[in-house]
$ cat start02.txt   # compact mmCIF, C-alpha atoms
# COMPACT_ATOMS: atom_id res chain seq x y z
CA MET A 70 85.63 80.73 89.40
CA SER A 71 83.26 78.44 87.53
CA ASN A 72 79.86 77.80 89.04
CA ASP A 73 80.36 74.08 88.36
CA THR A 74 83.44 73.91 90.56
CA PRO A 75 82.72 73.94 94.32
CA ASN A 76 84.64 76.54 96.25
CA PRO A 77 86.30 74.89 99.30
CA ALA A 78 86.46 78.28 101.04
CA LEU A 79 82.66 78.43 101.19
CA ASP A 80 82.14 75.83 103.89
CA THR A 81 78.70 76.87 105.16
CA GLN A 82 79.28 75.30 108.58
CA ARG A 83 82.46 77.35 108.95
CA LEU A 84 80.81 80.54 107.68
CA ARG A 85 78.18 80.33 110.41
CA HIS A 86 80.88 80.65 113.06
CA LEU A 87 82.65 83.63 111.48
CA ASP A 88 81.87 87.25 112.30
CA PRO A 89 80.40 89.42 109.48
CA ASP A 90 83.83 90.77 108.49
CA GLY A 91 85.17 87.23 108.21
CA VAL A 92 82.26 86.07 106.04
CA ALA A 93 82.57 89.14 103.79
CA SER A 94 86.28 88.51 103.27
CA GLN A 95 85.49 84.94 102.16
CA LEU A 96 82.88 86.13 99.64
CA ARG A 97 84.62 89.15 98.07
CA ASP A 98 86.22 87.23 95.18
CA VAL A 99 83.34 84.80 94.70
CA ALA A 100 80.82 84.87 91.86
CA PRO A 101 77.48 86.48 92.87
CA ALA A 102 75.47 83.30 92.32
CA GLU A 103 77.85 81.23 94.44
CA ALA A 104 77.95 83.92 97.15
CA ALA A 105 74.15 84.07 97.24
CA GLU A 106 73.87 80.30 97.64
CA ALA A 107 76.32 80.49 100.57
CA LEU A 108 74.41 83.35 102.21
CA VAL A 109 71.11 81.49 102.32
CA HIS A 110 72.60 79.20 104.99
CA LEU A 111 73.06 82.18 107.38
CA THR A 112 70.42 83.91 109.44
CA HIS A 113 68.78 86.94 107.87
CA GLY A 114 70.39 89.23 110.43
CA GLN A 115 73.82 87.87 109.56
CA VAL A 116 73.13 88.26 105.85
CA ALA A 117 72.21 91.92 106.30
CA GLU A 118 75.45 92.61 108.18
CA VAL A 119 77.57 90.72 105.63
CA MET A 120 75.93 92.48 102.69
CA GLU A 121 76.82 95.84 104.21
CA ARG A 122 80.49 94.86 104.13
CA LEU A 123 80.58 93.67 100.52
CA PRO A 124 81.54 96.00 97.62
CA GLU A 125 78.54 97.88 96.23
CA ALA A 126 78.75 96.20 92.81
CA GLN A 127 78.83 92.71 94.29
CA ARG A 128 75.99 93.54 96.69
CA ALA A 129 73.83 94.79 93.83
CA ALA A 130 74.61 91.70 91.74
CA ILE A 131 73.63 89.35 94.59
CA SER A 132 70.39 91.25 95.27
CA ALA A 133 69.51 91.25 91.56
CA LEU A 134 69.56 87.45 91.51
CA GLY A 135 66.48 87.34 93.74
CA VAL A 136 67.61 84.09 95.38
CA SER A 137 64.90 82.56 97.54
CA GLY A 138 65.69 82.91 101.24
CA LEU A 139 67.78 86.05 101.04
CA PRO A 140 66.37 89.19 102.69
CA ASP A 141 65.18 92.05 100.56
CA ALA A 142 67.86 94.67 100.00
CA GLY A 143 65.47 97.19 101.53
CA GLY A 144 66.13 95.53 104.87
CA LEU A 145 69.60 97.06 104.84
CA ASP A 146 68.11 100.54 105.27
CA PHE A 147 66.80 99.83 108.77
CA PRO A 148 68.77 100.21 112.02
CA ASP A 149 70.86 97.39 113.38
CA GLY A 150 68.85 95.27 115.79
CA SER A 151 65.49 96.14 114.18
CA VAL A 152 62.82 93.92 112.65
CA GLY A 153 63.49 95.52 109.25
CA ARG A 154 66.88 93.81 109.15
CA LEU A 155 65.12 90.43 109.15
CA VAL A 156 62.55 91.18 106.46
CA GLU A 157 62.24 88.89 103.45
CA ARG A 158 59.91 89.08 100.47
CA ALA A 159 56.36 87.84 100.96
CA PRO A 160 55.87 85.24 98.21
CA ALA A 161 52.06 85.18 98.07
CA VAL A 162 50.51 88.65 97.84
CA PHE A 163 47.16 89.09 96.05
CA GLY A 164 44.29 91.55 95.80
CA PRO A 165 41.00 91.08 97.67
CA ASP A 166 38.97 90.50 94.46
CA LEU A 167 40.96 87.45 93.34
CA ARG A 168 38.88 84.27 93.30
CA VAL A 169 39.94 81.29 95.40
CA ASP A 170 40.41 79.01 92.38
CA ALA A 171 42.63 81.61 90.69
CA ALA A 172 44.68 82.05 93.88
CA ILE A 173 45.23 78.29 94.18
CA ALA A 174 46.34 78.13 90.54
CA ALA A 175 48.81 80.98 91.12
CA LEU A 176 50.15 79.33 94.27
CA ARG A 177 51.09 76.12 92.43
CA GLY A 178 54.03 77.89 90.79
CA ILE A 179 55.01 79.78 93.93
CA VAL A 180 55.13 76.84 96.36
CA ALA A 181 57.55 75.05 94.04
CA LYS A 182 60.16 77.72 94.94
CA ARG A 183 59.13 79.05 98.35
CA MET A 184 57.28 77.77 101.36
CA VAL A 185 53.99 79.61 101.66
CA ILE A 186 52.17 79.63 104.99
CA TYR A 187 49.88 82.62 104.62
CA VAL A 188 48.45 84.52 101.69
CA PHE A 189 48.58 88.28 102.26
CA VAL A 190 45.75 90.36 100.85
CA VAL A 191 46.57 93.98 99.92
CA ASP A 192 44.76 96.86 98.24
CA ALA A 193 46.00 98.88 95.27
CA ALA A 194 48.32 100.90 97.54
CA GLN A 195 49.87 97.67 98.94
CA ARG A 196 48.25 98.25 102.33
CA LEU A 197 47.62 95.00 104.18
CA GLN A 198 43.91 94.20 104.29
CA GLY A 199 43.91 90.67 105.59
CA VAL A 200 45.54 87.26 105.82
CA VAL A 201 44.35 83.91 104.44
CA ALA A 202 45.64 80.63 105.81
CA PHE A 203 45.92 77.58 103.55
CA ARG A 204 43.18 75.87 105.49
CA GLU A 205 40.74 78.58 104.49
CA LEU A 206 41.66 78.18 100.82
CA VAL A 207 41.04 74.43 100.97
CA PHE A 208 37.58 74.73 102.50
CA ALA A 209 36.43 77.84 100.62
CA ARG A 210 34.24 77.65 97.51
CA PRO A 211 36.12 78.24 94.23
CA GLU A 212 33.97 81.25 93.32
CA GLN A 213 34.58 83.05 96.61
CA THR A 214 37.06 85.94 96.68
CA LEU A 215 40.00 86.31 99.04
CA GLY A 216 38.34 89.39 100.51
CA GLU A 217 35.41 87.24 101.64
CA ILE A 218 37.44 84.60 103.48
CA MET A 219 40.40 86.61 104.78
CA LEU A 220 41.07 87.44 108.42
CA ARG A 221 40.65 91.21 108.59
CA GLN A 222 42.88 93.63 110.52
CA PRO A 223 45.65 91.08 111.10
CA PHE A 224 48.49 91.60 113.55
CA PHE A 225 51.70 92.92 112.00
CA LEU A 226 55.13 94.17 113.05
CA ARG A 227 56.72 97.48 112.10
CA PRO A 228 60.19 97.40 110.52
CA THR A 229 61.61 100.01 112.92
CA LEU A 230 60.64 97.95 115.97
CA THR A 231 63.61 96.71 118.01
CA LEU A 232 64.01 92.98 118.54
CA GLU A 233 63.27 93.41 122.25
CA ASP A 234 60.00 95.22 121.54
CA ALA A 235 59.09 92.74 118.82
CA MET A 236 59.59 89.82 121.20
CA ARG A 237 57.24 91.43 123.68
CA GLU A 238 54.66 91.88 120.92
CA VAL A 239 54.77 88.25 119.75
CA VAL A 240 55.28 86.49 123.10
CA THR A 241 51.56 85.51 123.14
CA ARG A 242 51.28 85.11 119.35
CA HIS A 243 53.18 82.02 118.25
CA TYR A 244 52.75 82.36 114.47
CA PRO A 245 55.12 80.79 111.92
CA VAL A 246 55.57 84.13 110.13
CA TYR A 247 54.59 87.73 110.82
CA PRO A 248 53.75 90.37 108.21
CA VAL A 249 55.88 93.51 108.41
CA CYS A 250 54.19 96.80 107.50
CA THR A 251 55.00 100.49 107.61
CA ASP A 252 53.11 102.85 109.93
CA ASP A 253 50.46 103.44 107.25
CA GLY A 254 49.89 99.69 106.83
CA ARG A 255 51.86 99.15 103.60
CA LEU A 256 53.16 95.59 103.39
CA ILE A 257 56.92 95.44 102.84
CA GLY A 258 57.53 91.74 103.57
CA LEU A 259 57.48 89.15 106.32
CA VAL A 260 59.71 87.86 109.09
CA ALA A 261 59.81 84.22 110.16
CA GLY A 262 59.07 83.58 113.82
CA ALA A 263 62.03 81.17 114.08
CA VAL A 264 64.41 83.82 112.73
CA LEU A 265 63.04 86.41 115.16
CA PHE A 266 63.58 84.13 118.16
CA GLU A 267 67.00 83.06 116.88
CA GLN A 268 68.19 86.65 116.61
CA GLN A 269 66.89 87.52 120.06
CA ALA A 270 68.60 84.45 121.52
CA PHE A 271 71.85 85.62 119.95
CA GLU A 272 71.39 89.11 121.41
CA ILE A 273 70.84 87.67 124.88
CA SER A 274 73.83 85.35 124.59
CA ALA A 275 75.99 88.32 123.58
CA GLN A 276 75.15 90.25 126.75
CA ALA A 277 77.44 88.17 128.96
CA GLY A 278 80.40 89.02 126.74
CA ALA A 279 79.42 92.66 126.33
CA MET A 280 79.44 93.11 130.10
CA VAL A 281 83.20 92.47 130.11
CA GLY A 282 84.08 94.23 126.89
CA VAL A 283 83.73 91.36 124.38
CA GLU A 284 82.16 92.58 121.14
CA ARG A 285 78.96 90.87 120.04
CA GLU A 286 80.52 90.07 116.64
CA GLU A 287 83.38 87.99 118.09
CA ARG A 288 83.11 84.25 117.65
CA LEU A 289 85.40 81.31 118.32
CA ALA A 290 86.50 81.38 114.66
CA THR A 291 87.30 85.12 114.67
CA PRO A 292 90.94 85.67 113.60
CA LEU A 293 93.43 86.40 116.38
CA LEU A 294 94.26 89.99 115.39
CA ARG A 295 90.60 90.94 114.99
CA SER A 296 89.79 89.48 118.41
CA PHE A 297 92.72 91.47 119.78
CA ARG A 298 91.28 94.71 118.34
CA PHE A 299 87.88 93.88 119.85
CA ARG A 300 89.14 93.18 123.36
CA HIS A 301 92.24 95.32 123.92
CA PRO A 302 90.58 98.79 124.12
CA TRP A 303 88.34 97.63 126.96
CA LEU A 304 91.30 96.14 128.81
CA LEU A 305 93.03 99.52 128.59
CA ILE A 306 89.93 101.14 130.07
CA ASN A 307 89.93 98.50 132.78
CA LEU A 308 93.60 99.30 133.52
CA LEU A 309 92.77 102.98 133.97
CA THR A 310 89.89 102.20 136.30
CA VAL A 311 92.10 99.87 138.36
CA PHE A 312 94.58 102.73 138.74
CA LEU A 313 91.70 104.81 140.10
CA ALA A 314 90.93 102.19 142.74
CA ALA A 315 94.63 101.87 143.54
CA GLY A 316 94.79 105.66 143.97
CA VAL A 317 92.14 105.47 146.66
CA VAL A 318 94.20 102.90 148.57
CA GLY A 319 97.36 104.98 148.08
CA PHE A 320 95.63 108.03 149.51
CA PHE A 321 95.17 106.17 152.81
CA GLU A 322 98.66 104.61 152.81
CA LYS A 323 99.57 106.09 156.20
CA SER A 324 96.43 104.65 157.77
CA ILE A 325 97.26 101.19 156.42
CA ASP A 326 100.84 101.50 157.73
CA GLN A 327 99.49 102.20 161.22
CA LEU A 328 96.71 99.60 161.05
CA VAL A 329 98.01 96.72 158.94
CA VAL A 330 94.88 94.70 159.72
CA LEU A 331 92.93 97.05 157.44
CA ALA A 332 94.75 95.65 154.39
CA LEU A 333 93.45 92.16 155.18
CA PHE A 334 89.83 93.30 154.89
CA LEU A 335 90.10 95.39 151.71
CA PRO A 336 89.48 92.37 149.39
CA VAL A 337 86.60 91.28 151.63
CA LEU A 338 84.85 94.65 151.31
CA ALA A 339 85.53 94.98 147.60
CA GLY A 340 84.45 91.42 146.79
CA GLN A 341 81.22 91.56 148.79
CA CYS A 342 80.15 94.93 147.39
CA GLY A 343 81.15 93.88 143.87
CA ASN A 344 79.08 90.70 144.00
CA LEU A 345 76.04 92.54 145.30
CA GLY A 346 76.37 95.18 142.58
CA ALA A 347 76.65 92.44 139.95
CA GLN A 348 73.42 90.86 141.21
CA SER A 349 71.63 94.18 140.92
CA LEU A 350 73.06 94.72 137.45
CA ALA A 351 71.95 91.28 136.24
CA VAL A 352 68.38 91.78 137.49
CA THR A 353 68.16 95.25 135.92
CA LEU A 354 69.46 94.05 132.54
CA ARG A 355 66.92 91.24 132.52
CA ALA A 356 64.15 93.67 133.44
CA MET A 357 65.21 95.98 130.59
CA THR A 358 65.11 93.06 128.15
CA LEU A 359 61.58 92.13 129.26
CA GLY A 360 60.41 95.76 129.34
CA GLU A 361 59.73 95.72 133.07
CA THR A 362 61.65 98.95 133.73
CA ARG A 363 58.87 100.88 132.00
CA GLN A 364 56.48 99.84 134.75
CA ILE A 365 58.57 101.04 137.68
CA ARG A 366 59.93 104.48 138.56
CA VAL A 367 63.68 104.89 138.63
CA LEU A 368 63.61 106.33 142.16
CA ARG A 369 61.59 103.37 143.41
CA LEU A 370 64.06 100.96 141.80
CA ALA A 371 67.01 102.78 143.38
CA LEU A 372 65.39 102.76 146.82
CA LYS A 373 64.60 99.05 146.56
CA GLU A 374 68.17 98.13 145.57
CA ALA A 375 69.57 100.41 148.28
CA GLY A 376 67.37 98.74 150.91
CA LEU A 377 68.23 95.27 149.67
CA GLY A 378 71.93 96.12 149.65
CA LEU A 379 71.73 97.61 153.13
CA LEU A 380 69.99 94.52 154.52
CA ASN A 381 72.56 92.18 152.98
CA GLY A 382 75.38 94.51 154.02
CA VAL A 383 74.32 94.59 157.66
CA LEU A 384 74.11 90.80 157.91
CA THR A 385 77.43 90.13 156.17
CA GLY A 386 78.96 93.15 157.90
CA LEU A 387 78.21 91.67 161.33
CA LEU A 388 80.11 88.53 160.38
CA ALA A 389 83.00 90.54 158.93
CA GLY A 390 82.97 92.81 161.99
CA ALA A 391 83.23 89.82 164.30
CA ALA A 392 86.19 88.55 162.30
CA MET A 393 87.82 92.00 162.49
CA TYR A 394 87.32 92.15 166.26
CA TRP A 395 88.93 88.73 166.68
CA LEU A 396 91.91 89.46 164.42
CA ALA A 397 92.53 92.96 165.79
CA GLY A 398 92.40 91.66 169.36
CA ARG A 399 94.96 88.92 168.65
CA ASP A 400 97.39 91.17 166.72
CA PRO A 401 100.05 92.50 169.16
CA ASN A 402 101.08 95.16 166.61
CA ASN A 403 97.57 96.57 166.32
CA SER A 404 97.27 100.05 167.82
CA GLY A 405 93.58 100.50 167.20
CA ASP A 406 90.61 99.64 169.37
CA PRO A 407 89.26 96.25 168.15
CA LEU A 408 85.69 97.27 168.95
CA LEU A 409 85.96 100.47 166.94
CA LEU A 410 87.54 98.61 164.02
CA ALA A 411 84.71 96.07 164.11
CA ALA A 412 82.13 98.88 164.12
CA VAL A 413 83.87 100.54 161.16
CA THR A 414 83.80 97.24 159.26
CA VAL A 415 80.07 96.79 159.85
CA ALA A 416 79.29 100.39 158.83
CA ALA A 417 81.49 100.29 155.73
CA MET A 418 80.04 96.96 154.58
CA SER A 419 76.46 98.13 155.14
CA ILE A 420 76.78 101.49 153.39
CA GLY A 421 79.04 100.08 150.65
CA CYS A 422 76.59 97.31 149.76
CA ALA A 423 73.69 99.77 149.69
CA LEU A 424 75.56 102.09 147.30
CA SER A 425 76.74 99.16 145.17
CA GLY A 426 73.17 97.97 144.74
CA VAL A 427 72.15 101.41 143.52
CA ALA A 428 75.17 101.56 141.18
CA GLY A 429 74.34 98.16 139.69
CA ALA A 430 70.77 99.20 138.94
CA MET A 431 71.55 102.68 137.65
CA ALA A 432 74.56 101.85 135.43
CA PRO A 433 72.63 100.19 132.56
CA LEU A 434 69.80 102.74 132.78
CA LEU A 435 72.26 105.63 132.50
CA LEU A 436 74.08 103.95 129.61
CA LYS A 437 70.81 103.50 127.74
CA ARG A 438 69.79 107.11 128.37
CA ALA A 439 73.17 108.19 127.00
CA GLY A 440 72.47 106.24 123.81
CA ALA A 441 74.95 103.43 124.56
CA ASP A 442 74.41 99.67 124.80
CA PRO A 443 73.28 99.04 128.41
CA ALA A 444 75.34 95.85 128.62
CA THR A 445 78.55 97.17 127.09
CA ALA A 446 81.39 96.85 129.61
CA SER A 447 78.94 97.35 132.49
CA ALA A 448 80.81 94.89 134.67
CA ILE A 449 84.10 96.77 134.19
CA LEU A 450 82.58 100.12 135.14
CA LEU A 451 80.58 98.64 138.01
CA SER A 452 83.66 96.88 139.40
CA THR A 453 85.52 100.19 139.56
CA ALA A 454 82.60 101.97 141.22
CA THR A 455 82.18 99.29 143.89
CA ASP A 456 85.94 99.10 144.58
CA VAL A 457 86.23 102.87 145.01
CA LEU A 458 83.10 103.09 147.15
CA SER A 459 83.82 100.12 149.41
CA MET A 460 87.54 100.69 149.98
CA GLY A 461 87.16 104.46 150.19
CA LEU A 462 84.42 104.15 152.81
CA PHE A 463 86.31 101.55 154.84
CA LEU A 464 89.64 103.37 154.90
CA GLY A 465 88.03 106.78 155.33
CA LEU A 466 85.92 105.69 158.31
CA ALA A 467 88.85 103.89 159.90
CA THR A 468 91.05 106.97 159.54
CA TYR A 469 88.39 109.28 160.98
CA VAL A 470 87.07 107.05 163.79
CA VAL A 471 90.10 105.06 164.92
CA LEU A 472 93.08 107.25 164.11

$ encode --input "start02.txt" --output "structure tokens"
Amino acid sequence: MSNDTPNPALDTQRLRHLDPDGVASQLRDVAPAEAAEALVHLTHGQVAEVMERLPEAQRAAISALGVSGLPDAGGLDFPDGSVGRLVERAPAVFGPDLRVDAAIAALRGIVAKRMVIYVFVVDAAQRLQGVVAFRELVFARPEQTLGEIMLRQPFFLRPTLTLEDAMREVVTRHYPVYPVCTDDGRLIGLVAGAVLFEQQAFEISAQAGAMVGVEREERLATPLLRSFRFRHPWLLINLLTVFLAAGVVGFFEKSIDQLVVLALFLPVLAGQCGNLGAQSLAVTLRAMTLGETRQIRVLRLALKEAGLGLLNGVLTGLLAGAAMYWLAGRDPNNSGDPLLLAAVTVAAMSIGCALSGVAGAMAPLLLKRAGADPATASAILLSTATDVLSMGLFLGLATYVVL
């Protein structure tokens, strides 16, 4: 396709709402220059993911163009969710012996193509020595060198740093751009602060979907069949876990036949314990995002959530127990002691809520330790755990105590 003819398929507003596979499919038959111009309208993290999905020859051709705003191809070598995926070339990199007047003359050609906020000063081995802001260049004497006016030992990010860790590093440093260096201090590029915050906001927004099995790549514009492939496996897992909960109820079928009133309170127990577990899960996920879990021992966290769940369970259990006592006393077909049934309800609600609180806090921690995404389908797994615990406790206690 000619570069002079606009490609209607490359609607940049539409591309922003496609997942990486969708963007790559739109760009596969497009000329490298046209594809590169379309990619500059995406975030750097999106560009890295799209580039991975393009044919190797096309990817190399796009990278060879050196289009301003596209991330360096080296950023593709870093793990997903790392700062290295957001790296772009630093446009103004000079040695410490360069005079101020010579640096300003060199910058005239650079600023015509790229926005320059800081000048990075490196030694012969490309190790970052300092940073010079434009203000310092304006007020410095022409004969001074960059080494004389630079800010020494500047803050920098490492490319292997996760977005969560990077956000904690920069939360008190609101700079427009951040240099990115290897462990030995070698400058490999920069990352814009706006891009860093944008990517982290996207990660946080994806957690709500991940908790119920929605892939982070799915958008509103994702094709129907691809959305089906994203969602269906988790629904199958959910079906299996529901069968597990149903098996617990089936195991106590005879008890329910003798005490029909028990069936009325199964949704009450499951819903209350499930909500409490979800609260614990939400707080733990937020703490993991902010790095707070590193400051508290796992046992202490479990004990706190167990105590909090027990306290809430006792209070709500007393209300549920009173309702059970009233219903059981009014039911002429009830063969159980209303007082015992009320006591069972209070005990099951109290213990179930305590265990659900622990399950909600431990689920994401265990997933992370296993190398999985802490938010992935947590709600599905937690729902099963709370259903089995709450209904199993309730029916088990009622069978043992009343029958």

$ closest_residue --input "start02.txt" --among "A:Leu167, A:Ala428, A:Ala174, A:Val99" --to "A:Asn344" --atoms "all atoms listed in the file"
A:Ala428

$ residues_near_point --input "start02.txt" --point "(54.3, 102.9, 110.3)" --cutoff "12 Å" --atoms "all atoms listed in the file" --output "list in words"
Gly153, Arg196, Phe225, Leu226, Arg227, Pro228, Thr229, Leu230, Val249, Cys250, Thr251, Asp252, Asp253, Gly254, Arg255, Leu256 and Ile257 of chain A

$ closest_residue --input "start02.txt" --among "A:Leu265, A:Glu233, A:Glu212, A:Leu434" --to "A:Leu368" --atoms "only C-alpha atoms"
A:Leu434

$ closest_residue --input "start02.txt" --among "A:Val188, A:Val239, A:Val311, A:Ala339" --to "A:Met418" --atoms "all atoms listed in the file"
A:Ala339

$ closest_residue --input "start02.txt" --among "A:Leu354, A:Leu335, A:Ala412, A:Ala161" --to "A:Leu176" --atoms "only C-alpha atoms"
A:Ala161
